[in-house]
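Colleague: Got a structure for you, written out below as structure tokens; questions coming shortly.
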Amino acid sequence: METDDDLADLLARRDDVLRWREAAARLGPSAVKWRLKSGRWQRGAPGVLVAHSGPLSPRQELWVDVLSAETGAVLAGLTAATIDGLRGFDDDRRYVLVPDGKHGRPRRPGLVVHSSTLLGPEHVHPAATPPRTRLPRSLVDAGSWARSDRHATAILLAGVQQRLVRASDLASVLALRSNLPRRAPMGSAVA
């Protein structure tokens, strides 16, 4: 594939997934359209391209979710926690968190987009790809989005029992989130 070094680096970092505007800025709109029309590339979601024509890998699916949600989006909740090792809480949905004020909306089936006013560097893993929240934050978010208090506390307790996080790490995240749904039962479980 004829690409410049900048595009090749971007594709390597993102498992061959990129936004339309990133591709157009590097190759020009007509070159991007040609790659799509010729079947060399494909659309992963509105505004998101995959630089090959075959089936998407699970990692590529996650990249498409993050890039289709909004700038600054990260994997979150059970999606991020599962990548980081949490077992026993399978969910067919995929969770993405966007900074508050962004209008992230699900653009793919099974994608759930939440927004947060607290999504700074201390909440996002600095080196993880695709980008995702740190594990204590992922577990607390998953608990707050759970279907019941019992399910919420089970998620947090499983993270500790599976030796993925310390209870004190979960308590620190809970302390920052005073208006969090299911905060009281999760706080009791962590204590």
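In the structure tokens, each chain is lettered A, B, ... as it comes, each chain's residues begin at 1, and ligands are numbered from 1 in order of appearance.
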If DSSP is run on the backbone, what residues of region 1-188 of chain A are helix (DSSP H, G or I)? A reply as a PyMOL selection string would be ideal.
Modeller: chain A and resi 5-13+20-27+29-37+58-69+77-83+135-144+149-161+167-176+183-188
Colleague: Please list as a list in words every residue within 7 Å of region 151-165 of chain A, counting only C-alpha atoms and excluding residues in the same chain fewer than 2 positions away.
Modeller: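 What passes the distance filter is Leu86, Pro136, Leu139, Val140, Gly143, Ser144, Ala146, Arg147, Ser148, Asp149, Ala167, Asp169, Pro185, Met186 and Ala189 of chain A.
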Colleague: Measure the distance from CA of Arg59 (chain A) to CA of Arg94 (chain A) in Å and round it to one decimal.
Modeller: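 These two atoms are separated by 12.1 Å.
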Colleague: Could you name the residues that touch Gly28 (chain A) at 12 Å or less, counting only C-alpha atoms, but leaving out those on the same chain fewer than 6 positions away, as an MDAnalysis selection string?
Modeller: chainID A and resid 3:4 7 20:22 34:35
Colleague: Give me the residues near Ser172 (chain A) as a list in words, where near means some atom within 12 Å (using only C-alpha atoms) and where sequence neighbours in that chain fewer than 4 positions away do not count.
Modeller: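 So, after excluding close chain neighbours, the residues are Glu122, His123, Pro136, Arg137, Val140, Val165, Arg166, Ala167, Ser168, Leu176, Arg177, Ser178, Gly187, Val190 and Ala191 of chain A.
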Colleague: Keeping all heavy atoms for every residue in the selection just given, could you write it to a file as a compact mmCIF listing (two decimals), in the first residue's frame?
Modeller:
# COMPACT_ATOMS: atom_id res chain seq x y z
N GLU A 122 -5.58 10.92 34.99
CA GLU A 122 -5.53 10.01 36.14
C GLU A 122 -6.55 8.88 36.03
O GLU A 122 -6.48 7.90 36.77
CB GLU A 122 -5.73 10.78 37.45
CG GLU A 122 -7.10 11.40 37.63
CD GLU A 122 -7.28 12.75 36.96
OE1 GLU A 122 -6.43 13.18 36.16
OE2 GLU A 122 -8.31 13.39 37.23
N HIS A 123 -7.50 9.00 35.12
CA HIS A 123 -8.53 7.98 34.94
C HIS A 123 -8.29 7.09 33.73
O HIS A 123 -8.93 6.06 33.59
CB HIS A 123 -9.91 8.64 34.79
CG HIS A 123 -10.31 9.41 35.99
ND1 HIS A 123 -10.86 8.83 37.10
CD2 HIS A 123 -10.22 10.73 36.26
CE1 HIS A 123 -11.09 9.75 38.02
NE2 HIS A 123 -10.70 10.91 37.54
N PRO A 136 -9.38 0.29 38.24
CA PRO A 136 -10.31 0.66 39.31
C PRO A 136 -11.47 1.50 38.80
O PRO A 136 -12.63 1.29 39.18
CB PRO A 136 -9.43 1.46 40.29
CG PRO A 136 -8.05 0.95 40.03
CD PRO A 136 -8.00 0.66 38.56
N ARG A 137 -11.20 2.44 37.91
CA ARG A 137 -12.26 3.27 37.33
C ARG A 137 -13.21 2.41 36.49
O ARG A 137 -14.42 2.57 36.53
CB ARG A 137 -11.64 4.39 36.49
CG ARG A 137 -12.62 5.20 35.66
CD ARG A 137 -13.56 6.04 36.55
NE ARG A 137 -14.61 6.67 35.77
CZ ARG A 137 -14.56 7.88 35.25
NH1 ARG A 137 -13.49 8.64 35.42
NH2 ARG A 137 -15.58 8.37 34.58
N VAL A 140 -15.57 0.49 38.84
CA VAL A 140 -16.56 1.37 39.48
C VAL A 140 -17.61 1.80 38.45
O VAL A 140 -18.82 1.80 38.74
CB VAL A 140 -15.88 2.58 40.16
CG1 VAL A 140 -16.90 3.62 40.57
CG2 VAL A 140 -15.06 2.11 41.36
N VAL A 165 -7.27 -5.64 41.49
CA VAL A 165 -7.20 -4.32 42.14
C VAL A 165 -7.24 -4.52 43.65
O VAL A 165 -7.63 -5.58 44.15
CB VAL A 165 -8.39 -3.40 41.75
CG1 VAL A 165 -8.36 -3.06 40.29
CG2 VAL A 165 -9.71 -3.99 42.14
N ARG A 166 -6.86 -3.47 44.35
CA ARG A 166 -6.99 -3.46 45.81
C ARG A 166 -8.27 -2.72 46.17
O ARG A 166 -8.70 -1.81 45.45
CB ARG A 166 -5.80 -2.75 46.45
CG ARG A 166 -4.47 -3.46 46.19
CD ARG A 166 -3.35 -2.67 46.78
NE ARG A 166 -3.39 -1.32 46.22
CZ ARG A 166 -2.33 -0.59 45.95
NH1 ARG A 166 -1.14 -1.04 46.20
NH2 ARG A 166 -2.46 0.62 45.44
N ALA A 167 -8.85 -3.09 47.28
CA ALA A 167 -10.07 -2.41 47.74
C ALA A 167 -9.81 -0.91 47.93
O ALA A 167 -10.67 -0.08 47.64
CB ALA A 167 -10.57 -3.04 49.03
N SER A 168 -8.61 -0.56 48.37
CA SER A 168 -8.28 0.85 48.58
C SER A 168 -8.30 1.64 47.26
O SER A 168 -8.66 2.82 47.24
CB SER A 168 -6.92 1.00 49.26
OG SER A 168 -5.91 0.41 48.47
N LEU A 176 -14.14 10.04 44.75
CA LEU A 176 -14.19 11.14 43.79
C LEU A 176 -15.56 11.31 43.16
O LEU A 176 -15.83 12.33 42.53
CB LEU A 176 -13.18 10.91 42.67
CG LEU A 176 -11.71 10.90 43.05
CD1 LEU A 176 -10.86 10.47 41.86
CD2 LEU A 176 -11.30 12.28 43.54
N ARG A 177 -16.42 10.32 43.31
CA ARG A 177 -17.68 10.28 42.55
C ARG A 177 -18.87 10.36 43.51
O ARG A 177 -19.53 9.36 43.76
CB ARG A 177 -17.74 9.00 41.73
CG ARG A 177 -16.47 8.63 40.98
CD ARG A 177 -16.31 9.29 39.63
NE ARG A 177 -17.42 9.16 38.75
CZ ARG A 177 -17.67 8.10 37.99
NH1 ARG A 177 -16.90 7.05 38.01
NH2 ARG A 177 -18.73 8.10 37.19
N SER A 178 -19.20 11.53 44.01
CA SER A 178 -20.24 11.67 45.02
C SER A 178 -21.65 11.44 44.49
O SER A 178 -22.53 11.05 45.24
CB SER A 178 -20.16 13.06 45.65
OG SER A 178 -20.35 14.06 44.66
N GLY A 187 -19.84 1.28 47.99
CA GLY A 187 -18.99 1.72 49.08
C GLY A 187 -19.00 0.74 50.25
O GLY A 187 -17.96 0.44 50.83
N VAL A 190 -16.92 -2.37 49.27
CA VAL A 190 -15.48 -2.10 49.26
C VAL A 190 -14.96 -1.98 50.69
O VAL A 190 -13.88 -2.47 51.01
CB VAL A 190 -15.18 -0.83 48.44
CG1 VAL A 190 -13.76 -0.35 48.67
CG2 VAL A 190 -15.42 -1.08 46.95
N ALA A 191 -15.75 -1.36 51.58
CA ALA A 191 -15.34 -1.23 52.98
C ALA A 191 -15.26 -2.58 53.65
O ALA A 191 -14.40 -2.87 54.44
CB ALA A 191 -16.31 -0.33 53.72
Colleague: What are the nearest atom pairs, with distances in Å to one decimal, for all residues of region 88-183 of chain A that come at most 7 Å from region 72-83 of chain A, using only C-alpha atoms, set out by chain and rising residue number as JSON lines?
Modeller:
{"residue": "A:Arg94", "atom": "CA", "partner": "A:Thr79", "partner_atom": "CA", "distance": 5.6}
{"residue": "A:Tyr95", "atom": "CA", "partner": "A:Ala76", "partner_atom": "CA", "distance": 5.4}
{"residue": "A:Val96", "atom": "CA", "partner": "A:Leu75", "partner_atom": "CA", "distance": 4.4}
{"residue": "A:Leu97", "atom": "CA", "partner": "A:Val74", "partner_atom": "CA", "distance": 5.4}
{"residue": "A:Val98", "atom": "CA", "partner": "A:Ala73", "partner_atom": "CA", "distance": 4.4}
{"residue": "A:Pro99", "atom": "CA", "partner": "A:Gly72", "partner_atom": "CA", "distance": 6.5}
{"residue": "A:Pro131", "atom": "CA", "partner": "A:Val74", "partner_atom": "CA", "distance": 5.1}
{"residue": "A:Arg132", "atom": "CA", "partner": "A:Leu75", "partner_atom": "CA", "distance": 4.3}
{"residue": "A:Thr133", "atom": "CA", "partner": "A:Ala76", "partner_atom": "CA", "distance": 5.5}
{"residue": "A:Leu135", "atom": "CA", "partner": "A:Ala81", "partner_atom": "CA", "distance": 5.8}
{"residue": "A:Ser138", "atom": "CA", "partner": "A:Gly77", "partner_atom": "CA", "distance": 4.4}
{"residue": "A:Leu139", "atom": "CA", "partner": "A:Gly77", "partner_atom": "CA", "distance": 5.9}
{"residue": "A:Asp141", "atom": "CA", "partner": "A:Gly77", "partner_atom": "CA", "distance": 5.1}
{"residue": "A:Ala142", "atom": "CA", "partner": "A:Gly77", "partner_atom": "CA", "distance": 4.1}
Colleague: Using only C-alpha atoms, which protein or nucleic acid residues come within 12 Å of Pro109 (chain A)? Drop anything in the same chain fewer than 6 positions from it, and give the result as a VMD selection string.
Modeller: chain A and resid 44 to 45 61 64 to 65 68 92 to 95
Colleague: Filtering to N, CA and C atoms, could you give me those residues as a compact mmCIF listing (two decimals), in the first residue's frame?
Modeller:
# COMPACT_ATOMS: atom_id res chain seq x y z
N GLY A 44 -15.69 0.99 8.79
CA GLY A 44 -15.99 0.27 10.02
C GLY A 44 -17.24 0.81 10.69
N ALA A 45 -17.45 2.11 10.53
CA ALA A 45 -18.60 2.83 11.08
C ALA A 45 -18.61 4.18 10.37
N GLU A 61 -12.35 -4.18 16.10
CA GLU A 61 -13.73 -3.83 16.47
C GLU A 61 -13.72 -2.80 17.61
N VAL A 64 -12.68 0.58 16.30
CA VAL A 64 -13.79 1.20 15.57
C VAL A 64 -14.77 1.82 16.57
N ASP A 65 -15.06 1.10 17.66
CA ASP A 65 -15.96 1.65 18.68
C ASP A 65 -15.43 2.96 19.25
N SER A 68 -15.33 5.79 16.58
CA SER A 68 -16.65 6.21 16.10
C SER A 68 -17.42 7.01 17.16
N ASP A 92 -22.47 -8.76 26.01
CA ASP A 92 -22.40 -8.59 24.56
C ASP A 92 -22.27 -7.12 24.15
N ARG A 93 -22.60 -6.23 25.08
CA ARG A 93 -22.46 -4.81 24.77
C ARG A 93 -21.00 -4.38 24.97
N ARG A 94 -20.66 -3.29 24.32
CA ARG A 94 -19.33 -2.70 24.47
C ARG A 94 -19.52 -1.28 24.98
N TYR A 95 -18.71 -0.90 25.98
CA TYR A 95 -18.89 0.38 26.66
C TYR A 95 -17.75 1.34 26.33
